file entry_8.txt (compact mmCIF, C-alpha atoms)
# COMPACT_ATOMS: atom_id res chain seq x y z
CA MET A 1 0.00 0.00 0.00
CA ARG A 2 3.02 2.29 0.11
CA GLU A 3 3.36 5.03 -2.49
CA ARG A 4 5.68 3.94 -5.29
CA PRO A 5 8.94 5.96 -5.22
CA VAL A 6 9.59 8.12 -8.29
CA VAL A 7 12.89 9.56 -9.51
CA HIS A 8 12.44 13.27 -10.25
CA ALA A 9 14.86 13.28 -13.22
CA VAL A 10 13.46 16.48 -14.78
CA ASP A 11 11.22 18.91 -12.92
CA GLY A 12 9.82 22.11 -14.41
CA VAL A 13 12.38 22.58 -17.21
CA THR A 14 11.22 25.10 -19.84
CA PHE A 15 13.12 26.60 -22.76
CA THR A 16 12.65 27.64 -26.40
CA LEU A 17 15.13 27.22 -29.26
CA PRO A 18 14.95 29.62 -32.22
CA PRO A 19 16.11 28.24 -35.59
CA GLY A 20 19.84 28.18 -36.12
CA GLU A 21 20.79 28.44 -32.43
CA ILE A 22 23.14 26.22 -30.46
CA PHE A 23 21.58 25.88 -27.02
CA GLY A 24 23.77 24.29 -24.35
CA LEU A 25 22.46 22.20 -21.47
CA VAL A 26 25.25 22.00 -18.88
CA GLY A 27 25.51 20.15 -15.58
CA GLU A 28 27.18 17.32 -13.72
CA SER A 29 26.37 13.66 -14.26
CA GLY A 30 22.88 12.68 -13.12
CA CYS A 31 21.34 16.16 -13.27
CA GLY A 32 18.82 15.19 -15.98
CA LYS A 33 20.46 16.56 -19.14
CA THR A 34 20.15 13.38 -21.20
CA THR A 35 16.58 12.82 -19.99
CA VAL A 36 15.67 16.28 -21.28
CA GLY A 37 17.20 15.52 -24.67
CA ARG A 38 15.51 12.15 -25.00
CA THR A 39 12.17 13.56 -23.87
CA VAL A 40 12.33 16.40 -26.39
CA LEU A 41 12.60 13.76 -29.15
CA ARG A 42 9.91 11.59 -27.53
CA LEU A 43 12.42 8.81 -26.92
CA ALA A 44 11.29 9.10 -23.30
CA GLU A 45 7.64 9.80 -22.53
CA PRO A 46 6.99 12.92 -20.40
CA THR A 47 4.72 12.56 -17.37
CA SER A 48 3.55 16.18 -17.70
CA GLY A 49 4.21 19.35 -19.66
CA SER A 50 4.28 19.80 -23.44
CA ILE A 51 6.73 19.55 -26.35
CA ARG A 52 6.26 21.75 -29.42
CA PHE A 53 8.14 21.44 -32.68
CA GLU A 54 7.65 24.29 -35.15
CA GLY A 55 4.47 25.25 -33.30
CA LYS A 56 2.95 21.74 -33.30
CA ASP A 57 2.31 19.94 -30.05
CA ILE A 58 3.95 16.51 -30.36
CA THR A 59 3.64 15.53 -26.69
CA HIS A 60 1.03 12.83 -27.19
CA LEU A 61 1.23 12.10 -30.93
CA LYS A 62 0.98 8.45 -31.89
CA GLU A 63 3.97 6.83 -33.56
CA ALA A 64 2.37 6.88 -37.03
CA GLU A 65 1.80 10.63 -36.75
CA LEU A 66 5.20 11.24 -35.18
CA ARG A 67 7.25 9.32 -37.78
CA PRO A 68 7.26 12.08 -40.46
CA ILE A 69 8.34 14.61 -37.82
CA ARG A 70 11.16 12.34 -36.65
CA ARG A 71 12.90 12.98 -39.97
CA GLN A 72 13.33 16.58 -38.85
CA MET A 73 14.62 15.65 -35.36
CA GLN A 74 17.70 13.50 -34.89
CA ILE A 75 20.12 12.67 -32.08
CA ILE A 76 23.86 12.15 -31.72
CA PHE A 77 24.28 9.71 -28.85
CA GLN A 78 26.97 10.05 -26.23
CA ASP A 79 28.66 6.69 -26.75
CA PRO A 80 29.50 6.02 -30.42
CA HIS A 81 30.63 2.48 -29.54
CA ALA A 82 27.18 1.54 -28.22
CA SER A 83 25.06 3.52 -30.71
CA LEU A 84 26.35 1.65 -33.76
CA ASN A 85 25.08 -1.86 -34.51
CA PRO A 86 28.15 -4.14 -34.47
CA ALA A 87 26.46 -6.45 -37.00
CA MET A 88 26.01 -3.69 -39.59
CA THR A 89 28.77 -2.08 -41.60
CA ILE A 90 29.41 1.63 -41.18
CA GLY A 91 27.89 2.34 -44.58
CA GLN A 92 24.75 0.34 -43.79
CA SER A 93 24.32 2.16 -40.47
CA ILE A 94 24.56 5.57 -42.14
CA ALA A 95 22.26 4.66 -45.07
CA ASP A 96 19.70 2.89 -42.86
CA PRO A 97 17.67 6.02 -41.88
CA LEU A 98 16.90 6.74 -45.55
CA ILE A 99 15.64 3.19 -46.04
CA VAL A 100 13.66 3.14 -42.78
CA HIS A 101 11.86 6.38 -43.70
CA GLU A 102 11.39 5.15 -47.30
CA LEU A 103 13.16 8.18 -48.75
CA ALA A 104 15.52 6.29 -51.09
CA SER A 105 16.19 2.94 -52.64
CA GLU A 106 19.15 0.88 -51.44
CA GLU A 107 21.31 2.09 -54.31
CA ASP A 108 20.40 5.75 -53.79
CA ALA A 109 20.88 5.36 -50.04
CA ARG A 110 24.36 3.97 -50.67
CA LYS A 111 25.27 6.95 -52.86
CA ALA A 112 23.95 9.40 -50.27
CA ALA A 113 25.87 7.60 -47.51
CA LEU A 114 29.13 7.80 -49.47
CA GLU A 115 28.60 11.53 -50.02
CA ILE A 116 27.91 12.30 -46.37
CA MET A 117 30.81 10.10 -45.26
CA THR A 118 33.19 12.14 -47.39
CA GLU A 119 31.61 15.31 -46.01
CA VAL A 120 32.20 14.37 -42.37
CA GLY A 121 35.76 13.21 -42.98
CA LEU A 122 35.32 9.44 -43.30
CA SER A 123 37.70 9.01 -46.22
CA PRO A 124 38.22 7.07 -48.34
CA ALA A 125 34.45 6.51 -48.15
CA GLU A 126 34.42 3.53 -50.51
CA GLN A 127 36.91 1.70 -48.36
CA LEU A 128 35.27 2.51 -45.02
CA TYR A 129 31.74 1.77 -46.25
CA GLY A 130 32.18 -1.96 -45.75
CA LYS A 131 34.05 -1.71 -42.45
CA TYR A 132 32.42 -2.73 -39.16
CA PRO A 133 32.40 -0.49 -36.05
CA ALA A 134 35.11 -2.62 -34.44
CA ASP A 135 37.45 -1.72 -37.29
CA LEU A 136 37.19 2.05 -36.69
CA SER A 137 38.74 4.38 -34.12
CA GLY A 138 36.67 6.36 -31.63
CA GLY A 139 36.86 9.53 -33.69
CA GLN A 140 35.79 7.72 -36.85
CA LYS A 141 32.82 6.16 -35.06
CA GLN A 142 31.72 9.57 -33.82
CA ARG A 143 31.91 10.94 -37.37
CA ALA A 144 29.79 8.00 -38.51
CA VAL A 145 27.18 8.77 -35.84
CA ILE A 146 27.13 12.42 -36.94
CA ALA A 147 26.77 11.35 -40.59
CA ARG A 148 23.84 9.09 -39.70
CA ALA A 149 22.09 11.98 -37.94
CA VAL A 150 22.66 14.47 -40.77
CA ILE A 151 21.83 12.22 -43.73
CA LEU A 152 18.08 12.90 -43.35
CA ARG A 153 18.77 16.66 -43.57
CA PRO A 154 17.03 17.38 -40.24
CA LYS A 155 16.29 20.83 -38.84
CA PHE A 156 16.99 19.97 -35.20
CA ILE A 157 19.67 17.75 -33.63
CA VAL A 158 20.12 16.76 -30.00
CA ALA A 159 23.87 16.31 -29.47
CA ASP A 160 24.22 14.32 -26.24
CA GLU A 161 27.84 14.76 -25.10
CA PRO A 162 29.10 14.22 -28.67
CA VAL A 163 32.78 14.60 -27.75
CA ALA A 164 32.80 13.16 -24.22
CA MET A 165 34.18 9.77 -25.35
CA LEU A 166 36.93 11.26 -27.51
CA ASP A 167 40.53 12.26 -26.86
CA MET A 168 41.28 15.95 -26.43
CA SER A 169 43.17 16.01 -29.75
CA ILE A 170 40.04 14.90 -31.65
CA ARG A 171 37.41 16.94 -29.82
CA ALA A 172 38.23 20.26 -31.51
CA ARG A 173 37.98 18.69 -34.97
CA ILE A 174 34.58 17.12 -34.20
CA LEU A 175 33.27 20.43 -32.83
CA GLU A 176 34.51 22.26 -35.91
CA LEU A 177 32.77 19.64 -38.08
CA MET A 178 29.50 20.20 -36.23
CA LEU A 179 29.80 23.96 -36.76
CA GLU A 180 30.47 23.47 -40.47
CA LEU A 181 27.43 21.22 -40.83
CA LYS A 182 25.31 23.72 -38.89
CA ASP A 183 26.23 26.53 -41.27
CA LYS A 184 25.79 24.38 -44.36
CA TYR A 185 22.41 22.85 -43.47
CA ASP A 186 21.08 25.58 -41.14
CA LEU A 187 20.86 23.19 -38.19
CA THR A 188 19.63 23.89 -34.68
CA TYR A 189 21.47 22.09 -31.87
CA LEU A 190 20.52 21.16 -28.34
CA PHE A 191 24.07 20.60 -27.14
CA ILE A 192 24.29 18.54 -23.94
CA THR A 193 27.59 18.56 -22.07
CA HIS A 194 29.19 18.56 -18.65
CA ASP A 195 32.23 20.43 -19.98
CA LEU A 196 31.84 24.18 -19.53
CA ALA A 197 34.86 24.90 -21.72
CA THR A 198 33.19 23.07 -24.61
CA ALA A 199 29.93 24.92 -24.00
CA LYS A 200 31.75 28.24 -24.05
CA PHE A 201 33.34 27.37 -27.39
CA ILE A 202 30.24 26.25 -29.28
CA CYS A 203 27.03 27.50 -27.57
CA ASP A 204 25.06 30.71 -28.06
CA ARG A 205 23.00 30.33 -24.89
CA ILE A 206 23.39 27.89 -22.02
CA ALA A 207 21.23 26.57 -19.21
CA ILE A 208 22.90 25.25 -16.06
CA MET A 209 21.06 22.22 -14.63
CA TYR A 210 21.22 20.81 -11.12
CA LEU A 211 19.20 17.83 -9.88
CA GLY A 212 16.51 18.08 -12.54
CA ARG A 213 16.06 21.85 -12.58
CA ILE A 214 17.58 24.80 -14.43
CA VAL A 215 19.37 27.08 -11.94
CA GLU A 216 20.78 29.66 -14.37
CA PHE A 217 19.84 30.47 -17.93
CA GLY A 218 21.12 33.08 -20.37
CA ASP A 219 23.74 34.19 -22.87
CA ALA A 220 26.84 31.98 -22.77
CA LYS A 221 29.36 34.84 -22.65
CA ALA A 222 27.44 36.67 -19.91
CA ILE A 223 27.28 33.57 -17.72
CA PHE A 224 30.98 32.83 -18.14
CA ASN A 225 31.99 36.44 -17.48
CA ASP A 226 29.72 36.93 -14.47
CA PRO A 227 28.12 33.75 -13.08
CA LYS A 228 25.29 34.45 -10.65
CA HIS A 229 24.17 31.17 -9.12
CA PRO A 230 26.55 29.64 -6.53
CA TYR A 231 26.45 26.32 -8.39
CA THR A 232 27.51 27.98 -11.65
CA GLN A 233 30.32 29.72 -9.80
CA ALA A 234 31.44 26.37 -8.38
CA LEU A 235 31.42 24.75 -11.84
CA LEU A 236 33.55 27.52 -13.30
CA ALA A 237 35.93 27.38 -10.34
CA ALA A 238 36.47 23.66 -11.02
CA ILE A 239 37.85 24.32 -14.53
CA PRO A 240 41.63 23.80 -14.35
CA SER A 241 43.82 26.74 -15.26
CA PRO A 242 46.50 26.22 -17.94
CA ASP A 243 48.91 28.25 -15.80
CA PRO A 244 50.41 25.94 -13.13
CA ASP A 245 51.45 28.93 -11.02
CA ALA A 246 47.97 30.46 -11.00
CA ARG A 247 46.11 30.15 -7.72
CA ARG A 248 42.38 30.76 -7.47
CA LEU A 249 40.00 30.76 -4.54
CA LYS A 250 37.75 27.73 -5.04
CA THR A 251 34.35 27.51 -3.34
CA LEU A 252 33.56 23.95 -4.28
CA PRO A 253 30.25 22.47 -3.07
CA LYS A 254 30.43 20.16 -0.09
CA GLY A 255 28.93 16.70 0.27
CA GLU A 256 27.20 14.60 -2.37
CA VAL A 257 24.33 15.25 -4.76
CA PRO A 258 21.04 14.58 -2.89
CA ASP A 259 18.73 11.69 -3.70
CA ALA A 260 16.57 12.39 -6.78
CA VAL A 261 13.75 10.28 -5.28
CA ASN A 262 13.36 12.76 -2.42
CA PRO A 263 14.99 15.96 -3.67
CA PRO A 264 15.48 18.86 -1.23
CA LYS A 265 12.70 21.40 -0.93
CA GLY A 266 13.25 25.01 -1.86
CA CYS A 267 16.54 25.47 -3.70
CA ARG A 268 17.85 21.97 -4.37
CA PHE A 269 21.44 23.16 -4.10
CA HIS A 270 21.08 24.61 -0.59
CA PRO A 271 22.48 21.58 1.37
CA ARG A 272 25.81 22.01 -0.51
CA CYS A 273 25.76 25.77 -1.05
CA PRO A 274 28.60 27.79 0.56
CA VAL A 275 26.44 30.95 0.76
CA ALA A 276 23.10 29.43 1.81
CA THR A 277 20.66 31.55 3.82
CA PRO A 278 17.84 30.58 6.24
CA THR A 279 15.29 31.14 3.43
CA CYS A 280 16.79 28.60 1.01
CA GLY A 281 14.41 25.79 1.99
CA TRP A 282 15.87 23.92 4.95
CA GLU A 283 13.81 20.96 6.15
CA PRO A 284 13.89 18.02 8.61
CA GLN A 285 15.92 15.93 6.16
CA ASP A 286 18.76 18.46 6.51
CA MET A 287 18.78 17.82 10.27
CA LEU A 288 18.97 14.07 9.66
CA ASP A 289 21.85 14.65 7.22
CA LEU A 290 23.62 16.68 9.92
CA LEU A 291 23.26 13.80 12.38
CA ASP A 292 24.60 11.42 9.71
CA GLN A 293 27.59 13.68 9.27
CA ARG A 294 28.17 13.73 13.03
CA ALA A 295 27.99 9.92 13.02
CA LEU A 296 31.25 9.81 11.07
CA ASP A 297 32.95 10.48 14.40
CA GLU A 298 32.50 7.26 16.38
CA GLU A 299 32.57 8.93 19.79
CA VAL A 300 30.05 11.61 18.77
CA SER A 301 27.87 8.91 17.18
CA ARG A 302 27.71 6.94 20.45
CA ARG A 303 26.87 10.10 22.38
CA ASP A 304 24.12 11.08 19.94
CA GLU A 305 22.52 7.64 19.98
CA ALA A 306 22.67 7.42 23.78
CA VAL A 307 20.55 10.58 24.08
CA LEU A 308 18.48 10.66 20.87
CA GLY A 309 18.18 6.96 20.19
CA PRO A 310 18.61 5.18 16.83
CA ARG A 311 17.46 6.62 13.50
CA SER A 312 14.39 4.36 13.53
CA ARG A 313 12.91 6.55 16.29
CA MET A 314 13.13 9.71 14.11
CA GLN A 315 10.19 10.47 11.87
CA VAL A 316 9.72 13.30 9.32
CA GLU A 317 6.24 14.86 9.30
CA GLU A 318 6.20 17.49 6.54
CA GLN A 319 8.16 20.39 8.11
CA ARG A 320 8.55 18.70 11.51
CA LEU A 321 11.05 16.18 12.83
CA ARG A 322 9.68 13.96 15.60
CA ILE A 323 12.17 12.10 17.81
CA ARG A 324 10.42 9.40 19.84
CA THR A 325 12.51 9.34 22.98
CA GLY A 326 9.52 7.87 24.88
CA GLY A 327 9.54 4.71 22.83
CA ILE A 328 11.02 2.74 25.73
CA GLY A 329 7.65 2.74 27.53
CA ILE A 330 4.61 0.61 26.69
CA PRO A 331 2.39 2.37 24.07
CA ARG A 332 -0.92 3.90 25.14
CA LYS A 333 -3.01 1.15 23.51
CA ALA A 334 -0.97 -1.49 25.30
CA ARG A 335 -1.42 0.31 28.63
CA THR A 336 -5.21 0.45 28.08
CA GLY A 337 -5.27 -3.24 27.25
CA LEU A 338 -3.27 -3.99 30.40
CA SER A 339 -5.81 -2.12 32.57
CA LEU A 340 -8.74 -3.95 30.98
CA PHE A 341 -6.95 -7.24 31.56
CA VAL A 342 -6.56 -6.49 35.28
CA VAL A 343 -10.28 -5.64 35.63
CA LEU A 344 -11.39 -8.73 33.70
CA ALA A 345 -9.00 -11.02 35.58
CA SER A 346 -10.28 -9.71 38.91
CA PHE A 347 -13.92 -10.36 37.91
CA VAL A 348 -13.20 -13.90 36.69
CA TYR A 349 -11.11 -14.57 39.79
CA ALA A 350 -14.00 -13.59 42.06
CA LEU A 351 -16.35 -16.00 40.26
CA MET A 352 -13.87 -18.88 40.45
CA ILE A 353 -13.17 -18.72 44.19
CA PRO A 354 -16.22 -20.86 45.28
CA LEU A 355 -15.39 -23.54 42.70
CA VAL A 356 -11.67 -23.99 43.26
CA GLY A 357 -9.35 -24.52 46.13
CA VAL A 358 -6.86 -22.39 47.99
CA ALA A 359 -4.06 -23.21 45.51
CA VAL A 360 -5.88 -21.48 42.69
CA LEU A 361 -6.61 -18.56 45.02
CA MET A 362 -2.90 -18.19 45.78
CA ALA A 363 -1.95 -18.50 42.09
CA GLY A 364 -4.51 -15.85 41.14
CA SER A 365 -3.29 -13.54 43.88
CA PHE A 366 0.27 -13.94 42.62
CA GLY A 367 -0.85 -13.10 39.05
CA LEU A 368 -2.67 -9.95 40.15
CA LEU A 369 0.29 -8.84 42.25
CA LEU A 370 2.59 -9.43 39.28
CA THR A 371 0.28 -7.42 36.99
CA ASP A 372 0.13 -4.59 39.53
CA ALA A 373 3.94 -4.58 39.81
CA LEU A 374 4.20 -4.42 36.01
CA ALA A 375 1.86 -1.42 35.94
CA ARG A 376 3.89 0.38 38.62
CA TRP A 377 7.11 -0.42 36.74
CA GLU A 378 5.58 0.96 33.54
CA SER A 379 4.69 4.19 35.35
CA THR A 380 8.30 4.53 36.45
CA ARG A 381 9.52 3.91 32.93
CA ILE A 382 7.17 6.59 31.53
CA THR A 383 8.54 9.09 34.04
CA ARG A 384 12.06 8.23 32.95
CA ALA A 385 11.05 8.57 29.29
CA GLN A 386 9.66 12.05 29.90
CA GLY A 387 12.92 12.96 31.58
CA GLY A 388 14.73 11.55 28.55
CA ALA A 389 12.70 13.82 26.25
CA ALA A 390 13.74 16.89 28.24
CA ARG A 391 17.35 15.73 28.14
CA ALA A 392 17.12 15.15 24.36
CA ARG A 393 15.70 18.65 23.87
CA ALA A 394 18.61 20.21 25.73
CA TYR A 395 21.04 18.05 23.77
CA LEU A 396 19.52 19.15 20.44
CA GLU A 397 19.96 22.78 21.46
CA ASP A 398 23.69 22.13 21.76
CA VAL A 399 23.69 20.30 18.39
CA LEU A 400 22.00 23.26 16.71
CA GLN A 401 24.55 25.66 18.15
CA GLY A 402 27.25 23.77 16.25
CA ALA A 403 25.13 23.35 13.10
CA PRO A 404 25.41 25.63 10.04
CA GLN A 405 23.89 28.96 10.98
CA PRO A 406 21.28 28.98 8.17
CA LEU A 407 19.99 25.56 9.27
CA ALA A 408 19.86 26.54 12.95
CA ASN A 409 18.02 29.79 12.14
CA THR A 410 15.35 27.90 10.18
CA VAL A 411 14.22 25.94 13.26
CA THR A 412 11.16 27.83 14.50
CA ARG A 413 10.33 25.58 17.45
CA LEU A 414 12.10 22.99 19.58
CA ALA A 415 9.75 21.52 22.17
CA VAL A 416 8.82 18.43 24.18
CA ASP A 417 5.53 16.82 23.11
CA GLY A 418 4.71 14.17 25.71
CA ASP A 419 7.47 11.59 25.37
CA ASP A 420 8.67 13.04 22.03
CA VAL A 421 10.83 15.95 20.94
CA LEU A 422 9.63 18.10 18.03
CA LEU A 423 11.71 20.29 15.73
CA GLU A 424 9.62 22.55 13.49
CA PHE A 425 11.12 24.27 10.44
CA ALA A 426 10.02 27.34 8.54
CA PRO A 427 8.06 26.53 5.33
CA ALA A 428 10.29 25.87 2.31
CA GLU A 429 9.53 27.56 -1.02
CA ASP A 430 11.11 27.18 -4.45
CA PRO A 431 12.76 30.53 -5.36
CA GLU A 432 11.97 29.91 -9.08
CA LEU A 433 13.85 31.54 -11.96
CA ARG A 434 14.22 35.31 -11.61
CA MET A 435 15.72 37.89 -13.95
CA SER A 436 19.09 39.28 -12.88
CA ALA A 437 21.59 41.14 -15.08
CA GLY A 438 20.07 39.83 -18.30
CA ARG A 439 19.74 36.18 -17.34
CA GLU A 440 17.42 34.01 -15.25
CA VAL A 441 18.70 32.70 -11.90
CA ARG A 442 17.00 30.31 -9.44
CA CYS A 443 18.36 31.70 -6.18
CA VAL A 444 16.99 33.66 -3.22
CA LEU A 445 20.00 35.99 -3.42
CA TYR A 446 18.37 37.59 -6.47
call {"tool": "encode", "arguments": {"input": "entry_8.txt", "output": "structure tokens"}}
result
Amino acid sequence: MRERPVVHAVDGVTFTLPPGEIFGLVGESGCGKTTVGRTVLRLAEPTSGSIRFEGKDITHLKEAELRPIRRQMQIIFQDPHASLNPAMTIGQSIADPLIVHELASEEDARKAALEIMTEVGLSPAEQLYGKYPADLSGGQKQRAVIARAVILRPKFIVADEPVAMLDMSIRARILELMLELKDKYDLTYLFITHDLATAKFICDRIAIMYLGRIVEFGDAKAIFNDPKHPYTQALLAAIPSPDPDARRLKTLPKGEVPDAVNPPKGCRFHPRCPVATPTCGWEPQDMLDLLDQRALDEEVSRRDEAVLGPRSRMQVEEQRLRIRTGGIGIPRKARTGLSLFVVLASFVYALMIPLVGVAVLMAGSFGLLLTDALARWESTRITRAQGGAARARAYLEDVLQGAPQPLANTVTRLAVDGDDVLLEFAPAEDPELRMSAGREVRCVLY
């Protein structure tokens, strides 16, 4: 009956590409770049939103209706080794789209494939036409993948990390080839990359993605000259300098990328942000992450667990964190059942006295005394549990004093609720994209 977990790969991503533009989608691995590219081409089905190509909504078109449009939209996959069929020759792979879309006969498709192979630098084309992917180098395979995408003369191409698998010496030549083809055939590129230097070289506009969302969006030169979002600044700071004597102040993000199944509320970058504020969207999960970080120190971990108990006693309730320090006592339902048992046992015992002997009377008396002792012991344990809650509250105050200031300032209430301790956090809100200095930035600082 539990809700099925869902990975939030892409969440609220919106952009428009004018004809002839190279639009860059930049971000680290796992941020959702490839999912965006595949969804735009309907290789992955969107769960919401809309996709428009030349003004036509193609979000829910059936395959028969979508097939003619697919000729205008092609993709260059990231891994040329995996995107080529090892059982087909290079020439067959390049000519295949023309045959699949019934645009040429086998002979005409062969001629067109030889022409495009020469155009992308696969020479001599006649000799390479019959070669298999295993016979080619990485750069040649990537040229073959580009040729296969261009042979249909599309208007729009999704280039998914087209040079990521290549050596540095070959990357520049592949990028120059893509620019030449763009100018010749008036192509529009959605260029997906994790390499900011490559994006700076080839893109007109770029969008910086983090954990499924765009955090900064605008002109490529403006973003490189004056990055606004802290994540963009961290990405640029990570680019190595060619001068070995140059020293730069690096504000690299701390920790790991959060779980995409339960992404952070508010700004998704705030748990790693070096300039986070109390309004960035802190939540109970951030407190649990802080306790996990403290657990890396074995002595601190033992001290935390001795006062707060194990993680299983901590429960997130929207913007509240409940720590059940009173769990050592018998639950309320169990205590009610125990009281009813004592009353019922006493009534049955009174009825049985005339029918049984003294031995049963003594056994029954012992049972009632044992039950009464258990009840008194439970009362003592509850008192101790309540004292444990007060002790846990005081301990959490000390923990918050050593926590990051933005996180500590977001806690609006720290109180004892019966046997439990409650931490309440201020509501978290997504800052959304806002205009700043000619570009859009998803950050509360703007």
call {"tool": "closest_residue", "arguments": {"input": "entry_8.txt", "among": "A:Asp420, A:Asp11, A:Glu161, A:Asp79", "to": "Arg324 (chain A)", "atoms": "all atoms listed in the file"}}
result
A:Asp420
call {"tool": "closest_residue", "arguments": {"input": "entry_8.txt", "among": "A:Gly24, A:Pro310, A:Gly438, A:Gly37", "to": "Val158 (chain A)", "atoms": "all atoms listed in the file"}}
result
A:Gly37
call {"tool": "residues_around", "arguments": {"input": "entry_8.txt", "residues": "Val215 (chain A)", "least_positions_apart": "4", "cutoff": "12 Å", "atoms": "all atoms listed in the file", "output": "count of residues only"}}
result
40
call {"tool": "closest_residue", "arguments": {"input": "entry_8.txt", "among": "A:Arg320, A:His81, A:Lys155, A:Arg313", "to": "Leu136 (chain A)", "atoms": "all atoms listed in the file"}}
result
A:His81
call {"tool": "closest_residue", "arguments": {"input": "entry_8.txt", "among": "A:Asp186, A:Asp219, A:Ala403, A:Val316", "to": "Arg294 (chain A)", "atoms": "only C-alpha atoms"}}
result
A:Ala403
call {"tool": "closest_residue", "arguments": {"input": "entry_8.txt", "among": "A:Leu445, A:Leu296, A:Leu396, A:Ile51", "to": "Thr16 (chain A)", "atoms": "only C-alpha atoms"}}
result
A:Ile51
call {"tool": "closest_residue", "arguments": {"input": "entry_8.txt", "among": "A:Ile94, A:Ile157, A:Asp57, A:Ala260", "to": "Gly32 (chain A)", "atoms": "all atoms listed in the file"}}
result
A:Ala260
call {"tool": "residues_around", "arguments": {"input": "entry_8.txt", "residues": "Trp282 (chain A)", "least_positions_apart": "3", "cutoff": "10 Å", "atoms": "all atoms listed in the file", "output": "list in words"}}
result
Pro264, Lys265, Gly266, Cys267, Arg268, His270, Pro271, Ala276, Thr277, Pro278, Thr279, Gln285, Asp286, Met287, Gln319, Pro406, Leu407, Ala408, Asn409, Thr410, Val411, Phe425, Ala426, Pro427, Ala428 and Glu429 of chain A
call {"tool": "atom_distance", "arguments": {"input": "entry_8.txt", "atom1": "CA of Leu308 (chain A)", "atom2": "CA of Arg413 (chain A)"}}
result
17.3 Å
call {"tool": "atom_distance", "arguments": {"input": "entry_8.txt", "atom1": "CA of Ala164 (chain A)", "atom2": "CA of Val257 (chain A)"}}
result
21.3 Å
